[in-house]
Amino acid sequence: MQKSPLQIARGNYQPKLPVALKGNVKVQEGAATQSVADQEEIKALFPNTYGLPVLELVKGKEASYPAINVGVILSGGQAPGGHNVICGLFDGLKRLNKDSKLYGFLGGPSGLIEHQYTELTADIIDEYRNTGGFDIIGSGRTKLEETWQFDKGIEICKELDIKAIVIIGGDDSNTNACVLAEYYLQKQCGIQVIGCPKTIDGDLKNSMIETSFGFDTACKVYSELIGNIQRDANSAKKYWHFIRLMGRSASHIALECALQSQPNICLISEEVEKKNMTLNEIVDGIVNVIVERSEAGLNFGTVLIPEGLIEFIPAMKRLIRELNDLLANNEEFLAMGTDDEKRQYVKGMLSPESRELYRSLPKGIARQLTMDRDPHGNVQVSQIETEKLLIEMVAKKLAMLKGEGKYKGKFAALNHFFGYEGRCATPSNFDADYCYALGITATYLIAAGKTGYMALVRNLTAPAAEWIAGGVPITMMMNMEKRNGKMKPVIQKALVELDGEPFKYFAAHRESWAKTNQYIYPGPIQYYGPSEVCDLPTHTLLLEKGVIK
Ligand code: FBP
């Protein structure tokens, strides 16, 4: 296969490891834990994996390990660094015993259920070192949650003599990893389960997990693009760019990109919800900035929009909830031929307030709200073009103001959506190092016979040599939440905290970023050069850890 010079160079990059993972390693147990909330319920549901101690990997003595076979699964959306977790796992296993084997289940969790797998050999692994993507074994969104699925897993693990499964996924996949670990312990089938924190969305983090992998690289890619657009806007001086950013419900990506690029406006869904804002209020906020800038002769700018925004506008949330209930397994709706027919049907079934809102939306957006749900029954926010909705509403309002003589500027807007551009990017040094360390860490957790743990690497704002590796019991991160009408144990999702340092920094600066141009142009990710250019973690992490203020 032909490769670019950078691909070749990255293939030879040796990820930096924490000192504790360099030589012989032993697992040190800390204090017993409890779940973040709903302790009694979680304990009852996870009698075997509840209350386990936090683990730290420290320097140990030379030891010999038996050969072991391990299976690995990539679950959910792609995130830069996934391949390095697998490479770390492979190298770790071979370091412990050269006869150990790593199997990859193909296409996500369904590979385990359907017994689709491949053995990952050194030749294959070497092709994927420090590369983006999940194409080494593929990923998928099948939910591992039913006992017949777990039993199919036992079958294939017995056949391949697999003693441990590593699930690389987000909050839902890791919740399911814990359910699987508990089930396998109850069945005493000798299969351990270890999770790894993946998602570009950055919403899998807590007191133990400082960040999910992939967030760093994805935000750096989007911030580069935003910076480029800002430079273009500042050169041509004629367009407003409305840029929607992936991230599902949480606005971590939008916030991080704002911190890196200092746009004129960045909306934060969590703030919109807290302030109980309507769509019109959001539009008015944008319009005010546009009018103010136009008075200073600045008829251009940038607006960042988190993809989950629409779900956080209280009235919209109600409408979406009603649509979710109405459209779940609705054969009658599915059988309808035209969009108009569907629209009339929906209007007839909604409550008066939601009907009014639905009617006021541009037809395209209204249609997107009724499209297919994801496997959890939720509307797929990545397919709703909120940026176009906002442009349309802002343009209308500006035209009105113009008519009243209150706005004399020119408004020309362009829309963008950044998501897939960053999910498979070549991992930054941070993600390459972090993920490789996570893979090695998972190996030692397996070798120590641990199950129901998530591999963890923390102290991430320090140089990689000082990072601390270990394991956190997944039950420790759980609470009870309502899912599809039922209370379920789930890992708590981390949304943007309005009293957290990253948001506070943004809030303190956004007014001046709106009025004048204080754009930052981050440029492309740098893989080689001075450490302060190449190894810098996200602003979110630096602010959270108090490294910058
Ligand atoms: P995960 O939650 O699985 O990590 O996925 C992240 C994400 O990129 C979201 O930001 C986005 O909303 C979603 O995946 C898009 O899903 P799909 O890949 O199915 O289009």
# chains A, B, ... in the order shown; residues from 1 in each chain; ligands from 1
call {"tool": "residues_near_ligand", "arguments": {"ligand": "ligand 1", "cutoff": "7 Å", "atoms": "only C-alpha atoms and all ligand atoms", "output": "PDB file with all heavy atoms, in the first residue's frame"}}
result
ATOM      1  N   SER A  75     -16.083  -0.030  19.950  1.00  0.00           N
ATOM      2  CA  SER A  75     -17.526   0.170  20.019  1.00  0.00           C
ATOM      3  C   SER A  75     -17.910   1.637  19.799  1.00  0.00           C
ATOM      4  O   SER A  75     -17.314   2.536  20.391  1.00  0.00           O
ATOM      5  CB  SER A  75     -17.990  -0.286  21.406  1.00  0.00           C
ATOM      6  OG  SER A  75     -19.370  -0.168  21.522  1.00  0.00           O
ATOM      7  N   GLY A  76     -18.881   1.882  18.931  1.00  0.00           N
ATOM      8  CA  GLY A  76     -19.401   3.239  18.730  1.00  0.00           C
ATOM      9  C   GLY A  76     -18.617   4.047  17.712  1.00  0.00           C
ATOM     10  O   GLY A  76     -17.900   3.499  16.869  1.00  0.00           O
ATOM     11  N   GLY A  77     -18.728   5.378  17.819  1.00  0.00           N
ATOM     12  CA  GLY A  77     -18.115   6.272  16.836  1.00  0.00           C
ATOM     13  C   GLY A  77     -16.603   6.247  16.902  1.00  0.00           C
ATOM     14  O   GLY A  77     -16.016   6.043  17.972  1.00  0.00           O
ATOM     15  N   GLN A  78     -15.975   6.450  15.778  1.00  0.00           N
ATOM     16  CA  GLN A  78     -14.507   6.448  15.700  1.00  0.00           C
ATOM     17  C   GLN A  78     -13.930   7.581  16.565  1.00  0.00           C
ATOM     18  O   GLN A  78     -14.543   8.637  16.703  1.00  0.00           O
ATOM     19  CB  GLN A  78     -14.042   6.657  14.258  1.00  0.00           C
ATOM     20  CG  GLN A  78     -14.166   5.437  13.380  1.00  0.00           C
ATOM     21  CD  GLN A  78     -15.608   5.094  13.061  1.00  0.00           C
ATOM     22  OE1 GLN A  78     -16.130   4.081  13.503  1.00  0.00           O
ATOM     23  NE2 GLN A  78     -16.269   5.928  12.302  1.00  0.00           N
ATOM     24  N   ALA A  79     -12.739   7.356  17.087  1.00  0.00           N
ATOM     25  CA  ALA A  79     -12.026   8.391  17.847  1.00  0.00           C
ATOM     26  C   ALA A  79     -10.532   8.167  17.638  1.00  0.00           C
ATOM     27  O   ALA A  79     -10.058   7.029  17.756  1.00  0.00           O
ATOM     28  CB  ALA A  79     -12.369   8.312  19.332  1.00  0.00           C
ATOM     29  N   GLY A 169     -14.796   1.869  24.316  1.00  0.00           N
ATOM     30  CA  GLY A 169     -16.055   2.536  23.977  1.00  0.00           C
ATOM     31  C   GLY A 169     -16.375   3.711  24.873  1.00  0.00           C
ATOM     32  O   GLY A 169     -15.587   4.074  25.747  1.00  0.00           O
ATOM     33  N   GLY A 170     -17.554   4.291  24.652  1.00  0.00           N
ATOM     34  CA  GLY A 170     -17.998   5.457  25.425  1.00  0.00           C
ATOM     35  C   GLY A 170     -18.734   5.036  26.684  1.00  0.00           C
ATOM     36  O   GLY A 170     -18.602   3.897  27.142  1.00  0.00           O
ATOM     37  N   LYS A 198     -13.249   5.868  25.515  1.00  0.00           N
ATOM     38  CA  LYS A 198     -13.164   6.444  24.167  1.00  0.00           C
ATOM     39  C   LYS A 198     -14.342   7.369  23.877  1.00  0.00           C
ATOM     40  O   LYS A 198     -15.446   7.047  24.286  1.00  0.00           O
ATOM     41  CB  LYS A 198     -13.197   5.291  23.153  1.00  0.00           C
ATOM     42  CG  LYS A 198     -13.351   5.723  21.722  1.00  0.00           C
ATOM     43  CD  LYS A 198     -14.555   5.067  21.007  1.00  0.00           C
ATOM     44  CE  LYS A 198     -15.871   5.600  21.441  1.00  0.00           C
ATOM     45  NZ  LYS A 198     -16.992   5.295  20.557  1.00  0.00           N
ATOM     46  N   THR A 199     -14.171   8.452  23.273  1.00  0.00           N
ATOM     47  CA  THR A 199     -15.166   9.263  22.563  1.00  0.00           C
ATOM     48  C   THR A 199     -14.621  10.655  22.300  1.00  0.00           C
ATOM     49  O   THR A 199     -14.061  11.296  23.207  1.00  0.00           O
ATOM     50  CB  THR A 199     -16.546   9.379  23.264  1.00  0.00           C
ATOM     51  OG1 THR A 199     -17.382  10.223  22.465  1.00  0.00           O
ATOM     52  CG2 THR A 199     -16.505   9.965  24.666  1.00  0.00           C
ATOM     53  N   ILE A 200     -14.813  11.115  21.066  1.00  0.00           N
ATOM     54  CA  ILE A 200     -14.380  12.483  20.751  1.00  0.00           C
ATOM     55  C   ILE A 200     -15.220  13.487  21.530  1.00  0.00           C
ATOM     56  O   ILE A 200     -14.807  14.618  21.737  1.00  0.00           O
ATOM     57  CB  ILE A 200     -14.495  12.810  19.232  1.00  0.00           C
ATOM     58  CG1 ILE A 200     -15.937  12.673  18.736  1.00  0.00           C
ATOM     59  CG2 ILE A 200     -13.545  11.970  18.414  1.00  0.00           C
ATOM     60  CD1 ILE A 200     -16.200  13.388  17.418  1.00  0.00           C
ATOM     61  N   ASP A 201     -16.426  13.069  21.964  1.00  0.00           N
ATOM     62  CA  ASP A 201     -17.361  14.015  22.594  1.00  0.00           C
ATOM     63  C   ASP A 201     -16.855  14.567  23.925  1.00  0.00           C
ATOM     64  O   ASP A 201     -17.356  15.581  24.399  1.00  0.00           O
ATOM     65  CB  ASP A 201     -18.723  13.346  22.825  1.00  0.00           C
ATOM     66  CG  ASP A 201     -19.356  12.884  21.526  1.00  0.00           C
ATOM     67  OD1 ASP A 201     -18.883  13.304  20.458  1.00  0.00           O
ATOM     68  OD2 ASP A 201     -20.318  12.098  21.583  1.00  0.00           O
ATOM     69  N   MET A 246     -19.707  18.499  16.134  1.00  0.00           N
ATOM     70  CA  MET A 246     -20.176  17.254  16.751  1.00  0.00           C
ATOM     71  C   MET A 246     -20.010  17.292  18.261  1.00  0.00           C
ATOM     72  O   MET A 246     -19.367  18.178  18.794  1.00  0.00           O
ATOM     73  CB  MET A 246     -19.362  16.084  16.216  1.00  0.00           C
ATOM     74  CG  MET A 246     -20.101  15.307  15.172  1.00  0.00           C
ATOM     75  SD  MET A 246     -19.238  13.774  14.855  1.00  0.00           S
ATOM     76  CE  MET A 246     -20.260  13.172  13.509  1.00  0.00           C
ATOM     77  N   GLY A 247     -20.538  16.280  18.901  1.00  0.00           N
ATOM     78  CA  GLY A 247     -20.367  16.190  20.351  1.00  0.00           C
ATOM     79  C   GLY A 247     -21.585  15.654  21.067  1.00  0.00           C
ATOM     80  O   GLY A 247     -21.607  15.612  22.292  1.00  0.00           O
ATOM     81  N   ARG A 248     -22.611  15.292  20.288  1.00  0.00           N
ATOM     82  CA  ARG A 248     -23.872  14.826  20.892  1.00  0.00           C
ATOM     83  C   ARG A 248     -24.428  15.856  21.857  1.00  0.00           C
ATOM     84  O   ARG A 248     -24.335  17.041  21.597  1.00  0.00           O
ATOM     85  CB  ARG A 248     -23.661  13.516  21.637  1.00  0.00           C
ATOM     86  CG  ARG A 248     -23.823  12.334  20.784  1.00  0.00           C
ATOM     87  CD  ARG A 248     -23.778  11.078  21.616  1.00  0.00           C
ATOM     88  NE  ARG A 248     -23.260  10.001  20.800  1.00  0.00           N
ATOM     89  CZ  ARG A 248     -23.976   9.360  19.911  1.00  0.00           C
ATOM     90  NH1 ARG A 248     -25.233   9.666  19.739  1.00  0.00           N
ATOM     91  NH2 ARG A 248     -23.439   8.415  19.179  1.00  0.00           N
ATOM     92  N   GLN A 380     -31.374  11.619  16.027  1.00  0.00           N
ATOM     93  CA  GLN A 380     -29.929  11.661  15.714  1.00  0.00           C
ATOM     94  C   GLN A 380     -29.507  13.110  15.473  1.00  0.00           C
ATOM     95  O   GLN A 380     -29.626  13.618  14.364  1.00  0.00           O
ATOM     96  CB  GLN A 380     -29.638  10.789  14.494  1.00  0.00           C
ATOM     97  CG  GLN A 380     -30.090   9.363  14.744  1.00  0.00           C
ATOM     98  CD  GLN A 380     -29.472   8.399  13.766  1.00  0.00           C
ATOM     99  OE1 GLN A 380     -28.295   8.474  13.448  1.00  0.00           O
ATOM    100  NE2 GLN A 380     -30.263   7.472  13.276  1.00  0.00           N
ATOM    101  N   VAL A 381     -29.013  13.738  16.547  1.00  0.00           N
ATOM    102  CA  VAL A 381     -28.728  15.172  16.478  1.00  0.00           C
ATOM    103  C   VAL A 381     -27.710  15.526  15.392  1.00  0.00           C
ATOM    104  O   VAL A 381     -27.747  16.624  14.854  1.00  0.00           O
ATOM    105  CB  VAL A 381     -28.243  15.739  17.835  1.00  0.00           C
ATOM    106  CG1 VAL A 381     -29.397  15.939  18.776  1.00  0.00           C
ATOM    107  CG2 VAL A 381     -27.167  14.878  18.466  1.00  0.00           C
ATOM    108  N   SER A 382     -26.824  14.572  15.070  1.00  0.00           N
ATOM    109  CA  SER A 382     -25.811  14.912  14.065  1.00  0.00           C
ATOM    110  C   SER A 382     -26.455  15.142  12.696  1.00  0.00           C
ATOM    111  O   SER A 382     -25.839  15.699  11.799  1.00  0.00           O
ATOM    112  CB  SER A 382     -24.741  13.826  13.982  1.00  0.00           C
ATOM    113  OG  SER A 382     -25.299  12.621  13.547  1.00  0.00           O
ATOM    114  N   GLY A 419     -17.418  17.241  11.909  1.00  0.00           N
ATOM    115  CA  GLY A 419     -17.587  16.068  12.756  1.00  0.00           C
ATOM    116  C   GLY A 419     -16.717  14.963  12.207  1.00  0.00           C
ATOM    117  O   GLY A 419     -15.663  14.631  12.749  1.00  0.00           O
ATOM    118  N   ARG A 423     -12.824  12.718  13.272  1.00  0.00           N
ATOM    119  CA  ARG A 423     -12.956  11.489  14.074  1.00  0.00           C
ATOM    120  C   ARG A 423     -11.898  10.433  13.755  1.00  0.00           C
ATOM    121  O   ARG A 423     -11.649   9.547  14.560  1.00  0.00           O
ATOM    122  CB  ARG A 423     -14.340  10.865  13.873  1.00  0.00           C
ATOM    123  CG  ARG A 423     -15.463  11.712  14.372  1.00  0.00           C
ATOM    124  CD  ARG A 423     -16.689  10.897  14.658  1.00  0.00           C
ATOM    125  NE  ARG A 423     -17.023   9.952  13.611  1.00  0.00           N
ATOM    126  CZ  ARG A 423     -18.108   9.198  13.612  1.00  0.00           C
ATOM    127  NH1 ARG A 423     -18.965   9.302  14.606  1.00  0.00           N
ATOM    128  NH2 ARG A 423     -18.359   8.356  12.642  1.00  0.00           N
TER     129      ARG A 423
END
call {"tool": "select_by_dssp", "arguments": {"residues": "segment 361-542 of chain A", "states": "strand (DSSP E)", "output": "PyMOL selection string"}}
result
chain A and resi 413-418+453-458+468-473+478-483+486-491
call {"tool": "residues_around", "arguments": {"residues": "Gln7 of chain A", "least_positions_apart": "6", "cutoff": "9 Å", "atoms": "only C-alpha atoms", "output": "PyMOL selection string"}}
result
chain A and resi 130-131+426
call {"tool": "closest_residue", "arguments": {"among": "A:Gly81, A:Gly452, A:Gly523, A:Gly153", "to": "Lys220 of chain A", "atoms": "only C-alpha atoms"}}
result
A:Gly523
call {"tool": "closest_atom_pairs", "arguments": {"of": "segment 134-218 of chain A", "to": "segment 529-538 of chain A", "cutoff": "10 Å", "atoms": "only C-alpha atoms", "output": "Markdown table"}}
result
| residue | atom | partner | partner_atom | distance |
| --- | --- | --- | --- | --- |
| A:Thr211 | CA | A:Thr538 | CA | 9.6 |
| A:Phe215 | CA | A:Thr538 | CA | 8.3 |
| A:Asp216 | CA | A:Thr538 | CA | 5.8 |
| A:Thr217 | CA | A:Thr538 | CA | 9.0 |
call {"tool": "write_last_selection", "arguments": {"atoms": "N, CA and C atoms", "output": "mmCIF file, in the first residue's frame"}}
result
data_model
loop_
_atom_site.group_PDB
_atom_site.id
_atom_site.type_symbol
_atom_site.label_atom_id
_atom_site.label_comp_id
_atom_site.auth_asym_id
_atom_site.auth_seq_id
_atom_site.Cartn_x
_atom_site.Cartn_y
_atom_site.Cartn_z
ATOM 1 N N THR A 211 -9.962 12.551 30.890
ATOM 2 C CA THR A 211 -10.523 12.843 29.567
ATOM 3 C C THR A 211 -10.669 11.530 28.808
ATOM 4 N N PHE A 215 -10.720 13.103 22.007
ATOM 5 C CA PHE A 215 -11.212 14.480 22.178
ATOM 6 C C PHE A 215 -10.126 15.472 21.780
ATOM 7 N N ASP A 216 -8.895 15.195 22.215
ATOM 8 C CA ASP A 216 -7.775 16.094 21.943
ATOM 9 C C ASP A 216 -7.571 16.283 20.439
ATOM 10 N N THR A 217 -7.431 15.164 19.730
ATOM 11 C CA THR A 217 -7.144 15.253 18.286
ATOM 12 C C THR A 217 -8.317 15.880 17.537
#
call {"tool": "residues_around", "arguments": {"residues": "Leu495 of chain A", "least_positions_apart": "3", "cutoff": "12 Å", "atoms": "only C-alpha atoms", "output": "list in words"}}
result
Asp201, Gly202, Asp203, Leu204, Lys205, Asn206, Gly247, Arg248, Ser249, Ala250, Ser251, His252, Ile253, Ala254, Leu255, Ile268, Ser269, Glu270, Glu271, Glu273, Gly308, Phe312, Gln492, Leu498, Asp499, Gly500 and Phe503 of chain A
call {"tool": "write_last_selection", "arguments": {"atoms": "C-alpha atoms", "output": "CSV table (one decimal), in the first residue's frame"}}
result
chain,number,residue,atom,x,y,z
A,201,ASP,CA,-17.4,14.0,22.6
A,202,GLY,CA,-15.3,14.4,25.8
A,203,ASP,CA,-18.4,13.5,27.9
A,204,LEU,CA,-16.8,10.4,29.6
A,205,LYS,CA,-14.8,12.0,32.4
A,206,ASN,CA,-15.1,12.2,36.1
A,247,GLY,CA,-20.4,16.2,20.4
A,248,ARG,CA,-23.9,14.8,20.9
A,249,SER,CA,-25.6,16.3,24.0
A,250,ALA,CA,-22.5,17.8,25.6
A,251,SER,CA,-20.9,21.0,24.4
A,252,HIS,CA,-17.3,20.1,25.3
A,253,ILE,CA,-16.1,20.1,21.7
A,254,ALA,CA,-17.7,23.5,20.9
A,255,LEU,CA,-16.2,25.0,24.2
A,268,ILE,CA,-23.2,26.3,24.9
A,269,SER,CA,-26.2,24.0,25.2
A,270,GLU,CA,-25.9,23.5,28.9
A,271,GLU,CA,-26.1,27.3,29.4
A,273,GLU,CA,-30.9,24.9,29.3
A,308,GLY,CA,-26.9,18.9,20.6
A,312,PHE,CA,-31.4,21.7,25.2
A,492,GLN,CA,-22.8,9.3,34.6
A,498,LEU,CA,-21.2,26.1,34.1
A,499,ASP,CA,-19.1,26.6,37.3
A,500,GLY,CA,-16.1,24.7,35.9
A,503,PHE,CA,-16.7,27.6,30.9
call {"tool": "residues_around", "arguments": {"residues": "Ile162 of chain A", "least_positions_apart": "6", "cutoff": "10 Å", "atoms": "only C-alpha atoms", "output": "VMD selection string"}}
result
chain A and resid 68 to 71 101 to 103 153 to 154 156 190 to 192
call {"tool": "write_last_selection", "arguments": {"atoms": "N, CA, C and O atoms", "output": "PDB file, in the first residue's frame"}}
result
ATOM      1  N   ILE A  68      -1.621 -15.873  27.430  1.00  0.00           N
ATOM      2  CA  ILE A  68      -3.061 -15.637  27.598  1.00  0.00           C
ATOM      3  C   ILE A  68      -3.643 -15.127  26.271  1.00  0.00           C
ATOM      4  O   ILE A  68      -2.956 -14.395  25.543  1.00  0.00           O
ATOM      5  N   ASN A  69      -4.865 -15.536  25.960  1.00  0.00           N
ATOM      6  CA  ASN A  69      -5.526 -15.012  24.765  1.00  0.00           C
ATOM      7  C   ASN A  69      -6.546 -13.959  25.178  1.00  0.00           C
ATOM      8  O   ASN A  69      -7.317 -14.158  26.111  1.00  0.00           O
ATOM      9  N   VAL A  70      -6.530 -12.845  24.442  1.00  0.00           N
ATOM     10  CA  VAL A  70      -7.407 -11.708  24.765  1.00  0.00           C
ATOM     11  C   VAL A  70      -8.177 -11.305  23.507  1.00  0.00           C
ATOM     12  O   VAL A  70      -7.641 -11.398  22.394  1.00  0.00           O
ATOM     13  N   GLY A  71      -9.426 -10.872  23.681  1.00  0.00           N
ATOM     14  CA  GLY A  71     -10.223 -10.363  22.562  1.00  0.00           C
ATOM     15  C   GLY A  71     -10.451  -8.874  22.742  1.00  0.00           C
ATOM     16  O   GLY A  71     -10.582  -8.401  23.872  1.00  0.00           O
ATOM     17  N   LYS A 101      -1.930 -14.267  22.669  1.00  0.00           N
ATOM     18  CA  LYS A 101      -2.542 -13.889  21.374  1.00  0.00           C
ATOM     19  C   LYS A 101      -3.605 -12.830  21.581  1.00  0.00           C
ATOM     20  O   LYS A 101      -4.292 -12.821  22.608  1.00  0.00           O
ATOM     21  N   LEU A 102      -3.747 -11.982  20.563  1.00  0.00           N
ATOM     22  CA  LEU A 102      -4.805 -10.960  20.595  1.00  0.00           C
ATOM     23  C   LEU A 102      -5.751 -11.199  19.424  1.00  0.00           C
ATOM     24  O   LEU A 102      -5.325 -11.272  18.270  1.00  0.00           O
ATOM     25  N   TYR A 103      -7.038 -11.334  19.730  1.00  0.00           N
ATOM     26  CA  TYR A 103      -8.056 -11.474  18.686  1.00  0.00           C
ATOM     27  C   TYR A 103      -8.870 -10.190  18.622  1.00  0.00           C
ATOM     28  O   TYR A 103      -9.230  -9.619  19.662  1.00  0.00           O
ATOM     29  N   GLY A 153     -21.045 -14.797  23.533  1.00  0.00           N
ATOM     30  CA  GLY A 153     -19.665 -14.371  23.801  1.00  0.00           C
ATOM     31  C   GLY A 153     -18.879 -15.487  24.496  1.00  0.00           C
ATOM     32  O   GLY A 153     -17.721 -15.740  24.161  1.00  0.00           O
ATOM     33  N   ILE A 154     -19.540 -16.142  25.449  1.00  0.00           N
ATOM     34  CA  ILE A 154     -18.855 -17.231  26.167  1.00  0.00           C
ATOM     35  C   ILE A 154     -18.457 -18.325  25.165  1.00  0.00           C
ATOM     36  O   ILE A 154     -17.326 -18.824  25.185  1.00  0.00           O
ATOM     37  N   ILE A 156     -17.717 -18.237  21.974  1.00  0.00           N
ATOM     38  CA  ILE A 156     -16.538 -17.960  21.128  1.00  0.00           C
ATOM     39  C   ILE A 156     -15.267 -17.832  21.980  1.00  0.00           C
ATOM     40  O   ILE A 156     -14.182 -18.224  21.552  1.00  0.00           O
ATOM     41  N   GLY A 190     -14.744 -17.562  33.880  1.00  0.00           N
ATOM     42  CA  GLY A 190     -13.319 -17.258  33.734  1.00  0.00           C
ATOM     43  C   GLY A 190     -12.995 -16.286  32.605  1.00  0.00           C
ATOM     44  O   GLY A 190     -11.912 -16.359  32.024  1.00  0.00           O
ATOM     45  N   ILE A 191     -13.937 -15.387  32.309  1.00  0.00           N
ATOM     46  CA  ILE A 191     -13.629 -14.364  31.286  1.00  0.00           C
ATOM     47  C   ILE A 191     -13.682 -12.987  31.954  1.00  0.00           C
ATOM     48  O   ILE A 191     -14.716 -12.595  32.497  1.00  0.00           O
ATOM     49  N   GLN A 192     -12.564 -12.291  31.917  1.00  0.00           N
ATOM     50  CA  GLN A 192     -12.500 -10.946  32.494  1.00  0.00           C
ATOM     51  C   GLN A 192     -12.946  -9.915  31.454  1.00  0.00           C
ATOM     52  O   GLN A 192     -12.805 -10.156  30.244  1.00  0.00           O
TER      53      GLN A 192
END
call {"tool": "residues_around", "arguments": {"residues": "segment 276-285 of chain A", "least_positions_apart": "2", "cutoff": "9 Å", "atoms": "only C-alpha atoms", "output": "ChimeraX atom specification"}}
result
/A:267,271-274,287-290,310,312-316,390-391,393-394,397
